[in-house]
Amino acid sequence: DTGVSQDPRHKITKRGQNVTFRCDPISEHNRLYWYRQTLGQGPEFLTYFQNEAQLEKSRLLSDRFSAERPKGSFSTLEIQRTEQGDSAMYLCASSFSRGMNTEAFFGQGTRLTVV
Amino acid sequence: AQSVTQLDSHVSVSEGTPVLLRCNYSSSYSPSLFWYVQHPNKGLQLLLKYTSAATLVKGINGFEAEFKKSETSFHLTKPSAHMSDAAEYFCVVSHTKGDTGRRALTFGSGTRLQVQP
């Protein structure tokens, strides 16, 4: 499978614990995005990388959230001191920067439940 | 600024009957518009996209959408629903940010399509 892959698919954690999610984009894609999707809503933008540079962060990304993309390949999203409000589906997407209207390909997401 | 309104949170149709999922958008830019589908426990899959070429856009699985600038609409249609079409559908408006190059996607809240046998 050469699509965007995310790991783990599901994570249940206790409030206050730290969690880390991984995203492997399509190999030739230099742009990577993280989104959060809560029940009954569309995905909301969290952060954006072009190669290894994190170029944009949403106001939704509190100080407890950090994302990295070392070497411009895979990316990790860490949430520290999780809260129940962090329960959501975390989606990763990647795209190629050439051309004006390049499609974003989404992974299957990591569903986080904070208990 | 841009926004998307999906007019129906749930749509139920019978198998073999037409599907209409409604979407209105607002954008300060010349927008690109997309429809994505999300099946349970699956990622978002692109159905079709409008990028200022033909106003009637054909997508995968028999879906199509018509861009109507005067009505700021981009409704999704399919002549005949299939059981496998049951899923969540998202209308998305997009523009490219000049400072970072990010493709800024704004999603609607989704329409859940049920297909009855």
# chains A, B, ... in the order shown; residues from 1 in each chain; ligands from 1

$ interface_residues --of "chain A" --to "chain B" --cutoff "8 Å" --atoms "only C-alpha atoms" --output "PDB file with N, CA, C and O atoms, in the first residue's frame"
ATOM      1  N   GLY A  40     -19.205  14.363  14.386  1.00  0.00           N
ATOM      2  CA  GLY A  40     -20.211  15.206  13.756  1.00  0.00           C
ATOM      3  C   GLY A  40     -19.678  16.457  13.096  1.00  0.00           C
ATOM      4  O   GLY A  40     -20.465  17.300  12.650  1.00  0.00           O
ATOM      5  N   GLN A  41     -18.366  16.575  13.025  1.00  0.00           N
ATOM      6  CA  GLN A  41     -17.757  17.757  12.415  1.00  0.00           C
ATOM      7  C   GLN A  41     -16.800  17.368  11.309  1.00  0.00           C
ATOM      8  O   GLN A  41     -16.328  16.236  11.244  1.00  0.00           O
ATOM      9  N   GLY A  42     -16.507  18.321  10.450  1.00  0.00           N
ATOM     10  CA  GLY A  42     -15.469  18.103   9.466  1.00  0.00           C
ATOM     11  C   GLY A  42     -14.102  18.319  10.081  1.00  0.00           C
ATOM     12  O   GLY A  42     -13.972  18.907  11.153  1.00  0.00           O
ATOM     13  N   PRO A  43     -13.074  17.827   9.428  1.00  0.00           N
ATOM     14  CA  PRO A  43     -11.704  18.013   9.943  1.00  0.00           C
ATOM     15  C   PRO A  43     -11.325  19.484  10.042  1.00  0.00           C
ATOM     16  O   PRO A  43     -11.730  20.296   9.218  1.00  0.00           O
ATOM     17  N   GLU A  44     -10.537  19.790  11.089  1.00  0.00           N
ATOM     18  CA  GLU A  44     -10.032  21.153  11.284  1.00  0.00           C
ATOM     19  C   GLU A  44      -8.512  21.122  11.242  1.00  0.00           C
ATOM     20  O   GLU A  44      -7.875  20.247  11.827  1.00  0.00           O
ATOM     21  N   PHE A  45      -7.935  22.097  10.595  1.00  0.00           N
ATOM     22  CA  PHE A  45      -6.492  22.166  10.395  1.00  0.00           C
ATOM     23  C   PHE A  45      -5.759  22.373  11.716  1.00  0.00           C
ATOM     24  O   PHE A  45      -6.154  23.205  12.538  1.00  0.00           O
ATOM     25  N   TYR A  48       1.057  22.345   9.535  1.00  0.00           N
ATOM     26  CA  TYR A  48       1.478  22.096   8.166  1.00  0.00           C
ATOM     27  C   TYR A  48       2.995  22.123   8.071  1.00  0.00           C
ATOM     28  O   TYR A  48       3.648  23.005   8.631  1.00  0.00           O
ATOM     29  N   LEU A  55       5.633  25.199   8.848  1.00  0.00           N
ATOM     30  CA  LEU A  55       5.379  26.550   8.373  1.00  0.00           C
ATOM     31  C   LEU A  55       4.150  27.199   8.966  1.00  0.00           C
ATOM     32  O   LEU A  55       4.015  28.422   8.903  1.00  0.00           O
ATOM     33  N   GLU A  56       3.261  26.388   9.517  1.00  0.00           N
ATOM     34  CA  GLU A  56       2.027  26.985   9.998  1.00  0.00           C
ATOM     35  C   GLU A  56       1.444  26.140  11.120  1.00  0.00           C
ATOM     36  O   GLU A  56       1.491  24.909  11.065  1.00  0.00           O
ATOM     37  N   LEU A  91      -6.121  13.193  11.887  1.00  0.00           N
ATOM     38  CA  LEU A  91      -5.898  12.811  10.495  1.00  0.00           C
ATOM     39  C   LEU A  91      -4.624  13.456   9.974  1.00  0.00           C
ATOM     40  O   LEU A  91      -4.340  14.619  10.256  1.00  0.00           O
ATOM     41  N   ASN A 101      -3.086  22.892  -8.186  1.00  0.00           N
ATOM     42  CA  ASN A 101      -4.252  22.273  -7.564  1.00  0.00           C
ATOM     43  C   ASN A 101      -3.971  20.834  -7.192  1.00  0.00           C
ATOM     44  O   ASN A 101      -4.678  19.924  -7.605  1.00  0.00           O
ATOM     45  N   PHE A 105      -3.937  13.762   0.004  1.00  0.00           N
ATOM     46  CA  PHE A 105      -4.312  12.379   0.283  1.00  0.00           C
ATOM     47  C   PHE A 105      -4.307  12.181   1.791  1.00  0.00           C
ATOM     48  O   PHE A 105      -3.334  12.517   2.463  1.00  0.00           O
ATOM     49  N   PHE A 106      -5.382  11.617   2.298  1.00  0.00           N
ATOM     50  CA  PHE A 106      -5.542  11.456   3.733  1.00  0.00           C
ATOM     51  C   PHE A 106      -5.267  10.025   4.181  1.00  0.00           C
ATOM     52  O   PHE A 106      -5.573   9.064   3.469  1.00  0.00           O
ATOM     53  N   GLY A 107      -4.726   9.908   5.371  1.00  0.00           N
ATOM     54  CA  GLY A 107      -4.608   8.617   6.018  1.00  0.00           C
ATOM     55  C   GLY A 107      -5.924   8.231   6.685  1.00  0.00           C
ATOM     56  O   GLY A 107      -6.895   8.986   6.661  1.00  0.00           O
ATOM     57  N   GLN A 108      -5.938   7.048   7.297  1.00  0.00           N
ATOM     58  CA  GLN A 108      -7.150   6.544   7.934  1.00  0.00           C
ATOM     59  C   GLN A 108      -7.378   7.140   9.315  1.00  0.00           C
ATOM     60  O   GLN A 108      -8.441   6.978   9.886  1.00  0.00           O
ATOM     61  N   GLY A 109      -6.389   7.835   9.830  1.00  0.00           N
ATOM     62  CA  GLY A 109      -6.571   8.526  11.091  1.00  0.00           C
ATOM     63  C   GLY A 109      -6.209   7.698  12.305  1.00  0.00           C
ATOM     64  O   GLY A 109      -6.133   6.463  12.255  1.00  0.00           O
TER      65      GLY A 109
END

$ residues_around --residues "Leu113 in chain B" --least-positions-apart "5" --cutoff "9 Å" --atoms "only C-alpha atoms" --output "PDB file with all heavy atoms, in the first residue's frame"
ATOM      1  N   SER B   9     -27.602  17.476   7.301  1.00  0.00           N
ATOM      2  CA  SER B   9     -26.677  16.652   8.069  1.00  0.00           C
ATOM      3  C   SER B   9     -26.896  15.166   7.768  1.00  0.00           C
ATOM      4  O   SER B   9     -25.958  14.374   7.898  1.00  0.00           O
ATOM      5  CB  SER B   9     -26.841  16.917   9.563  1.00  0.00           C
ATOM      6  OG  SER B   9     -28.170  16.653   9.969  1.00  0.00           O
ATOM      7  N   HIS B  10     -28.123  14.808   7.400  1.00  0.00           N
ATOM      8  CA  HIS B  10     -28.446  13.425   7.045  1.00  0.00           C
ATOM      9  C   HIS B  10     -29.318  13.423   5.791  1.00  0.00           C
ATOM     10  O   HIS B  10     -30.218  14.239   5.674  1.00  0.00           O
ATOM     11  CB  HIS B  10     -29.222  12.719   8.166  1.00  0.00           C
ATOM     12  CG  HIS B  10     -28.408  12.430   9.379  1.00  0.00           C
ATOM     13  ND1 HIS B  10     -28.240  13.342  10.387  1.00  0.00           N
ATOM     14  CD2 HIS B  10     -27.707  11.334   9.748  1.00  0.00           C
ATOM     15  CE1 HIS B  10     -27.474  12.828  11.329  1.00  0.00           C
ATOM     16  NE2 HIS B  10     -27.141  11.611  10.976  1.00  0.00           N
ATOM     17  N   VAL B  11     -29.023  12.494   4.889  1.00  0.00           N
ATOM     18  CA  VAL B  11     -29.854  12.267   3.719  1.00  0.00           C
ATOM     19  C   VAL B  11     -30.086  10.761   3.611  1.00  0.00           C
ATOM     20  O   VAL B  11     -29.133   9.987   3.718  1.00  0.00           O
ATOM     21  CB  VAL B  11     -29.193  12.798   2.435  1.00  0.00           C
ATOM     22  CG1 VAL B  11     -29.950  12.331   1.200  1.00  0.00           C
ATOM     23  CG2 VAL B  11     -29.109  14.321   2.460  1.00  0.00           C
ATOM     24  N   SER B  12     -31.334  10.379   3.419  1.00  0.00           N
ATOM     25  CA  SER B  12     -31.652   8.958   3.258  1.00  0.00           C
ATOM     26  C   SER B  12     -32.349   8.764   1.922  1.00  0.00           C
ATOM     27  O   SER B  12     -33.305   9.470   1.608  1.00  0.00           O
ATOM     28  CB  SER B  12     -32.559   8.496   4.402  1.00  0.00           C
ATOM     29  OG  SER B  12     -32.827   7.107   4.284  1.00  0.00           O
ATOM     30  N   VAL B  13     -31.843   7.810   1.144  1.00  0.00           N
ATOM     31  CA  VAL B  13     -32.441   7.506  -0.158  1.00  0.00           C
ATOM     32  C   VAL B  13     -32.593   5.994  -0.272  1.00  0.00           C
ATOM     33  O   VAL B  13     -31.970   5.229   0.461  1.00  0.00           O
ATOM     34  CB  VAL B  13     -31.573   8.034  -1.325  1.00  0.00           C
ATOM     35  CG1 VAL B  13     -31.410   9.545  -1.231  1.00  0.00           C
ATOM     36  CG2 VAL B  13     -30.225   7.331  -1.384  1.00  0.00           C
ATOM     37  N   VAL B  19     -29.304  10.709  -5.866  1.00  0.00           N
ATOM     38  CA  VAL B  19     -28.718  11.314  -4.672  1.00  0.00           C
ATOM     39  C   VAL B  19     -28.449  12.786  -4.944  1.00  0.00           C
ATOM     40  O   VAL B  19     -27.941  13.148  -6.014  1.00  0.00           O
ATOM     41  CB  VAL B  19     -27.389  10.619  -4.309  1.00  0.00           C
ATOM     42  CG1 VAL B  19     -26.720  11.319  -3.125  1.00  0.00           C
ATOM     43  CG2 VAL B  19     -27.618   9.147  -3.992  1.00  0.00           C
ATOM     44  N   LEU B  21     -26.680  15.875  -2.601  1.00  0.00           N
ATOM     45  CA  LEU B  21     -26.096  16.400  -1.367  1.00  0.00           C
ATOM     46  C   LEU B  21     -25.737  17.861  -1.635  1.00  0.00           C
ATOM     47  O   LEU B  21     -24.968  18.153  -2.544  1.00  0.00           O
ATOM     48  CB  LEU B  21     -24.853  15.594  -0.965  1.00  0.00           C
ATOM     49  CG  LEU B  21     -25.036  14.084  -0.806  1.00  0.00           C
ATOM     50  CD1 LEU B  21     -23.739  13.445  -0.329  1.00  0.00           C
ATOM     51  CD2 LEU B  21     -26.176  13.755   0.127  1.00  0.00           C
ATOM     52  N   ASP B  85     -22.614   3.321  -1.364  1.00  0.00           N
ATOM     53  CA  ASP B  85     -22.454   4.779  -1.274  1.00  0.00           C
ATOM     54  C   ASP B  85     -22.716   5.305   0.133  1.00  0.00           C
ATOM     55  O   ASP B  85     -22.444   6.481   0.414  1.00  0.00           O
ATOM     56  CB  ASP B  85     -23.405   5.483  -2.251  1.00  0.00           C
ATOM     57  CG  ASP B  85     -23.082   5.200  -3.703  1.00  0.00           C
ATOM     58  OD1 ASP B  85     -21.883   5.006  -4.022  1.00  0.00           O
ATOM     59  OD2 ASP B  85     -24.030   5.154  -4.526  1.00  0.00           O
ATOM     60  N   ALA B  86     -23.256   4.469   0.998  1.00  0.00           N
ATOM     61  CA  ALA B  86     -23.541   4.908   2.365  1.00  0.00           C
ATOM     62  C   ALA B  86     -22.231   5.301   3.055  1.00  0.00           C
ATOM     63  O   ALA B  86     -21.318   4.485   3.189  1.00  0.00           O
ATOM     64  CB  ALA B  86     -24.227   3.798   3.141  1.00  0.00           C
ATOM     65  N   ALA B  87     -22.148   6.568   3.461  1.00  0.00           N
ATOM     66  CA  ALA B  87     -20.910   7.109   4.026  1.00  0.00           C
ATOM     67  C   ALA B  87     -21.164   8.558   4.453  1.00  0.00           C
ATOM     68  O   ALA B  87     -22.270   9.075   4.321  1.00  0.00           O
ATOM     69  CB  ALA B  87     -19.775   7.065   3.005  1.00  0.00           C
ATOM     70  N   GLU B  88     -20.099   9.192   4.939  1.00  0.00           N
ATOM     71  CA  GLU B  88     -20.134  10.626   5.268  1.00  0.00           C
ATOM     72  C   GLU B  88     -19.465  11.375   4.119  1.00  0.00           C
ATOM     73  O   GLU B  88     -18.397  10.968   3.650  1.00  0.00           O
ATOM     74  CB  GLU B  88     -19.372  10.881   6.566  1.00  0.00           C
ATOM     75  CG  GLU B  88     -19.484  12.282   7.113  1.00  0.00           C
ATOM     76  CD  GLU B  88     -20.654  12.452   8.071  1.00  0.00           C
ATOM     77  OE1 GLU B  88     -21.170  11.433   8.559  1.00  0.00           O
ATOM     78  OE2 GLU B  88     -21.057  13.602   8.331  1.00  0.00           O
ATOM     79  N   TYR B  89     -20.099  12.448   3.685  1.00  0.00           N
ATOM     80  CA  TYR B  89     -19.586  13.224   2.558  1.00  0.00           C
ATOM     81  C   TYR B  89     -19.273  14.644   3.030  1.00  0.00           C
ATOM     82  O   TYR B  89     -20.081  15.279   3.717  1.00  0.00           O
ATOM     83  CB  TYR B  89     -20.611  13.264   1.416  1.00  0.00           C
ATOM     84  CG  TYR B  89     -20.782  11.913   0.754  1.00  0.00           C
ATOM     85  CD1 TYR B  89     -21.562  10.922   1.346  1.00  0.00           C
ATOM     86  CD2 TYR B  89     -20.132  11.613  -0.440  1.00  0.00           C
ATOM     87  CE1 TYR B  89     -21.698   9.666   0.754  1.00  0.00           C
ATOM     88  CE2 TYR B  89     -20.260  10.377  -1.031  1.00  0.00           C
ATOM     89  CZ  TYR B  89     -21.047   9.407  -0.427  1.00  0.00           C
ATOM     90  OH  TYR B  89     -21.168   8.165  -1.012  1.00  0.00           O
TER      91      TYR B  89
END

$ residues_around --residues "Arg111 in chain A" --least-positions-apart "3" --cutoff "9 Å" --atoms "only C-alpha atoms" --output "mmCIF file with all heavy atoms, in the first residue's frame"
data_model
loop_
_atom_site.group_PDB
_atom_site.id
_atom_site.type_symbol
_atom_site.label_atom_id
_atom_site.label_comp_id
_atom_site.auth_asym_id
_atom_site.auth_seq_id
_atom_site.Cartn_x
_atom_site.Cartn_y
_atom_site.Cartn_z
ATOM 1 N N PRO A 8 -0.805 4.721 15.935
ATOM 2 C CA PRO A 8 -1.742 3.597 15.855
ATOM 3 C C PRO A 8 -3.073 4.015 15.240
ATOM 4 O O PRO A 8 -3.297 5.199 15.011
ATOM 5 C CB PRO A 8 -1.920 3.225 17.333
ATOM 6 C CG PRO A 8 -1.811 4.536 18.046
ATOM 7 C CD PRO A 8 -0.754 5.307 17.294
ATOM 8 N N ARG A 9 -3.937 3.081 14.988
ATOM 9 C CA ARG A 9 -5.267 3.398 14.490
ATOM 10 C C ARG A 9 -6.182 3.837 15.624
ATOM 11 O O ARG A 9 -7.066 4.667 15.438
ATOM 12 C CB ARG A 9 -5.869 2.191 13.789
ATOM 13 C CG ARG A 9 -5.123 1.767 12.533
ATOM 14 C CD ARG A 9 -5.366 2.736 11.378
ATOM 15 N NE ARG A 9 -6.778 2.986 11.173
ATOM 16 C CZ ARG A 9 -7.597 2.183 10.528
ATOM 17 N NH1 ARG A 9 -7.142 1.057 10.016
ATOM 18 N NH2 ARG A 9 -8.875 2.493 10.391
ATOM 19 N N HIS A 10 -5.965 3.259 16.786
ATOM 20 C CA HIS A 10 -6.770 3.606 17.953
ATOM 21 C C HIS A 10 -5.842 3.744 19.155
ATOM 22 O O HIS A 10 -4.874 2.987 19.285
ATOM 23 C CB HIS A 10 -7.816 2.528 18.254
ATOM 24 C CG HIS A 10 -8.731 2.250 17.110
ATOM 25 N ND1 HIS A 10 -9.888 2.955 16.894
ATOM 26 C CD2 HIS A 10 -8.649 1.346 16.115
ATOM 27 C CE1 HIS A 10 -10.493 2.490 15.823
ATOM 28 N NE2 HIS A 10 -9.761 1.513 15.316
ATOM 29 N N LYS A 11 -6.172 4.697 20.041
ATOM 30 C CA LYS A 11 -5.397 4.872 21.264
ATOM 31 C C LYS A 11 -6.347 5.285 22.368
ATOM 32 O O LYS A 11 -7.099 6.249 22.218
ATOM 33 C CB LYS A 11 -4.321 5.941 21.053
ATOM 34 C CG LYS A 11 -3.475 6.242 22.279
ATOM 35 C CD LYS A 11 -2.529 5.118 22.597
ATOM 36 C CE LYS A 11 -1.644 5.455 23.789
ATOM 37 N NZ LYS A 11 -0.735 4.326 24.124
ATOM 38 N N ILE A 12 -6.309 4.514 23.453
ATOM 39 C CA ILE A 12 -7.059 4.888 24.639
ATOM 40 C C ILE A 12 -6.036 5.222 25.708
ATOM 41 O O ILE A 12 -5.109 4.441 25.963
ATOM 42 C CB ILE A 12 -7.981 3.747 25.118
ATOM 43 C CG1 ILE A 12 -8.992 3.400 24.024
ATOM 44 C CG2 ILE A 12 -8.707 4.151 26.400
ATOM 45 C CD1 ILE A 12 -9.849 2.194 24.346
ATOM 46 N N SER A 87 -10.018 14.095 22.972
ATOM 47 C CA SER A 87 -10.590 12.917 22.305
ATOM 48 C C SER A 87 -11.117 13.320 20.942
ATOM 49 O O SER A 87 -11.960 14.212 20.820
ATOM 50 C CB SER A 87 -11.721 12.320 23.146
ATOM 51 O OG SER A 87 -11.234 11.837 24.374
ATOM 52 N N ALA A 88 -10.612 12.680 19.916
ATOM 53 C CA ALA A 88 -10.943 13.037 18.534
ATOM 54 C C ALA A 88 -10.247 12.061 17.604
ATOM 55 O O ALA A 88 -9.470 11.208 18.028
ATOM 56 C CB ALA A 88 -10.486 14.463 18.206
ATOM 57 N N MET A 89 -10.527 12.222 16.316
ATOM 58 C CA MET A 89 -9.783 11.526 15.282
ATOM 59 C C MET A 89 -8.716 12.484 14.780
ATOM 60 O O MET A 89 -9.020 13.638 14.441
ATOM 61 C CB MET A 89 -10.715 11.131 14.128
ATOM 62 C CG MET A 89 -10.010 10.519 12.941
ATOM 63 S SD MET A 89 -9.575 8.803 13.231
ATOM 64 C CE MET A 89 -11.128 8.054 12.710
ATOM 65 N N TYR A 90 -7.476 12.036 14.748
ATOM 66 C CA TYR A 90 -6.378 12.856 14.248
ATOM 67 C C TYR A 90 -5.983 12.321 12.871
ATOM 68 O O TYR A 90 -5.592 11.166 12.725
ATOM 69 C CB TYR A 90 -5.208 12.845 15.224
ATOM 70 C CG TYR A 90 -5.561 13.605 16.481
ATOM 71 C CD1 TYR A 90 -6.250 12.977 17.519
ATOM 72 C CD2 TYR A 90 -5.273 14.957 16.607
ATOM 73 C CE1 TYR A 90 -6.627 13.677 18.654
ATOM 74 C CE2 TYR A 90 -5.643 15.666 17.740
ATOM 75 C CZ TYR A 90 -6.332 15.021 18.745
ATOM 76 O OH TYR A 90 -6.715 15.725 19.865
ATOM 77 N N LEU A 91 -6.121 13.193 11.887
ATOM 78 C CA LEU A 91 -5.898 12.811 10.495
ATOM 79 C C LEU A 91 -4.624 13.456 9.974
ATOM 80 O O LEU A 91 -4.340 14.619 10.256
ATOM 81 C CB LEU A 91 -7.060 13.276 9.620
ATOM 82 C CG LEU A 91 -8.405 12.612 9.871
ATOM 83 C CD1 LEU A 91 -9.525 13.411 9.224
ATOM 84 C CD2 LEU A 91 -8.403 11.193 9.310
#

$ residues_around --residues "Ala104 in chain A" --least-positions-apart "6" --cutoff "6 Å" --atoms "only C-alpha atoms" --output "list in words"
Ala93, Ser94 and Ser95 of chain A

$ write_last_selection --atoms "C-alpha atoms" --output "compact mmCIF listing (two decimals), in the first residue's frame"
# COMPACT_ATOMS: atom_id res chain seq x y z
CA ALA A 93 -2.62 14.21 4.88
CA SER A 94 0.13 14.73 2.34
CA SER A 95 0.45 16.39 -1.03

$ closest_residue --among "A:Asp86, A:Arg59, A:Cys23, A:Leu46" --to "Gly72 in chain A" --atoms "only C-alpha atoms"
A:Cys23

$ atom_distance --atom1 "CA of Thr38 in chain A" --atom2 "CA of Arg22 in chain B"
21.5 Å

$ select_by_dssp --residues "chain B" --states "strand (DSSP E or B)" --output "VMD selection string"
chain B and resid 2 to 6 10 to 14 19 to 21 23 to 27 32 to 38 44 to 50 56 to 58 64 to 68 73 to 78 87 to 96 103 to 107 111 to 116

$ atom_distance --atom1 "CA of Leu60 in chain A" --atom2 "CA of Asp8 in chain B"
26.3 Å

$ residues_around --residues "range 67-80 of chain B" --least-positions-apart "3" --cutoff "6 Å" --atoms "only C-alpha atoms" --output "list in words"
Gly16, Thr17, Pro18, Val19, Leu20, Leu21, Arg22, Cys23, Asn24, Tyr25, Thr55, Phe63 and Glu64 of chain B

$ write_last_selection --atoms "N, CA, C and O atoms" --output "PDB file, in the first residue's frame"
ATOM      1  N   GLY B  16     -30.970   2.759  -5.876  1.00  0.00           N
ATOM      2  CA  GLY B  16     -31.462   2.954  -7.236  1.00  0.00           C
ATOM      3  C   GLY B  16     -32.088   4.303  -7.501  1.00  0.00           C
ATOM      4  O   GLY B  16     -32.373   4.633  -8.657  1.00  0.00           O
ATOM      5  N   THR B  17     -32.279   5.102  -6.472  1.00  0.00           N
ATOM      6  CA  THR B  17     -32.864   6.442  -6.654  1.00  0.00           C
ATOM      7  C   THR B  17     -31.756   7.488  -6.667  1.00  0.00           C
ATOM      8  O   THR B  17     -30.633   7.226  -6.207  1.00  0.00           O
ATOM      9  N   PRO B  18     -32.051   8.696  -7.170  1.00  0.00           N
ATOM     10  CA  PRO B  18     -31.002   9.724  -7.258  1.00  0.00           C
ATOM     11  C   PRO B  18     -30.556  10.245  -5.889  1.00  0.00           C
ATOM     12  O   PRO B  18     -31.310  10.241  -4.918  1.00  0.00           O
ATOM     13  N   VAL B  19     -29.304  10.709  -5.866  1.00  0.00           N
ATOM     14  CA  VAL B  19     -28.718  11.314  -4.672  1.00  0.00           C
ATOM     15  C   VAL B  19     -28.449  12.786  -4.944  1.00  0.00           C
ATOM     16  O   VAL B  19     -27.941  13.148  -6.014  1.00  0.00           O
ATOM     17  N   LEU B  20     -28.786  13.640  -3.977  1.00  0.00           N
ATOM     18  CA  LEU B  20     -28.456  15.056  -4.032  1.00  0.00           C
ATOM     19  C   LEU B  20     -27.944  15.477  -2.659  1.00  0.00           C
ATOM     20  O   LEU B  20     -28.681  15.405  -1.672  1.00  0.00           O
ATOM     21  N   LEU B  21     -26.680  15.875  -2.601  1.00  0.00           N
ATOM     22  CA  LEU B  21     -26.096  16.400  -1.367  1.00  0.00           C
ATOM     23  C   LEU B  21     -25.737  17.861  -1.635  1.00  0.00           C
ATOM     24  O   LEU B  21     -24.968  18.153  -2.544  1.00  0.00           O
ATOM     25  N   ARG B  22     -26.283  18.751  -0.794  1.00  0.00           N
ATOM     26  CA  ARG B  22     -26.178  20.172  -1.092  1.00  0.00           C
ATOM     27  C   ARG B  22     -25.026  20.842  -0.343  1.00  0.00           C
ATOM     28  O   ARG B  22     -24.776  20.543   0.835  1.00  0.00           O
ATOM     29  N   CYS B  23     -24.389  21.777  -1.052  1.00  0.00           N
ATOM     30  CA  CYS B  23     -23.250  22.490  -0.478  1.00  0.00           C
ATOM     31  C   CYS B  23     -23.261  23.927  -0.985  1.00  0.00           C
ATOM     32  O   CYS B  23     -23.350  24.156  -2.196  1.00  0.00           O
ATOM     33  N   ASN B  24     -23.162  24.873  -0.070  1.00  0.00           N
ATOM     34  CA  ASN B  24     -22.956  26.278  -0.422  1.00  0.00           C
ATOM     35  C   ASN B  24     -21.640  26.740   0.187  1.00  0.00           C
ATOM     36  O   ASN B  24     -21.269  26.312   1.272  1.00  0.00           O
ATOM     37  N   TYR B  25     -20.955  27.610  -0.507  1.00  0.00           N
ATOM     38  CA  TYR B  25     -19.645  28.037  -0.041  1.00  0.00           C
ATOM     39  C   TYR B  25     -19.569  29.561  -0.039  1.00  0.00           C
ATOM     40  O   TYR B  25     -20.369  30.252  -0.683  1.00  0.00           O
ATOM     41  N   THR B  55     -17.533  23.604 -15.476  1.00  0.00           N
ATOM     42  CA  THR B  55     -18.364  23.782 -14.274  1.00  0.00           C
ATOM     43  C   THR B  55     -19.045  22.489 -13.845  1.00  0.00           C
ATOM     44  O   THR B  55     -19.422  22.355 -12.685  1.00  0.00           O
ATOM     45  N   PHE B  63     -20.383   9.782  -9.360  1.00  0.00           N
ATOM     46  CA  PHE B  63     -20.765  11.063  -8.785  1.00  0.00           C
ATOM     47  C   PHE B  63     -20.358  12.215  -9.702  1.00  0.00           C
ATOM     48  O   PHE B  63     -19.379  12.119 -10.431  1.00  0.00           O
ATOM     49  N   GLU B  64     -21.126  13.284  -9.644  1.00  0.00           N
ATOM     50  CA  GLU B  64     -20.748  14.511 -10.321  1.00  0.00           C
ATOM     51  C   GLU B  64     -21.249  15.705  -9.525  1.00  0.00           C
ATOM     52  O   GLU B  64     -22.125  15.574  -8.657  1.00  0.00           O
TER      53      GLU B  64
END

$ residues_around --residues "Arg69 in chain A" --least-positions-apart "5" --cutoff "12 Å" --atoms "only C-alpha atoms" --output "PyMOL selection string"
chain A and resi 21-25+30-34+47-55+74-78

$ closest_residue --among "A:Arg81, A:Arg36, A:Arg64, A:His29" --to "Leu112 in chain A" --atoms "only C-alpha atoms"
A:Arg36

$ atom_distance --atom1 "CA of Ser58 in chain A" --atom2 "CA of Ser27 in chain A"
25.0 Å
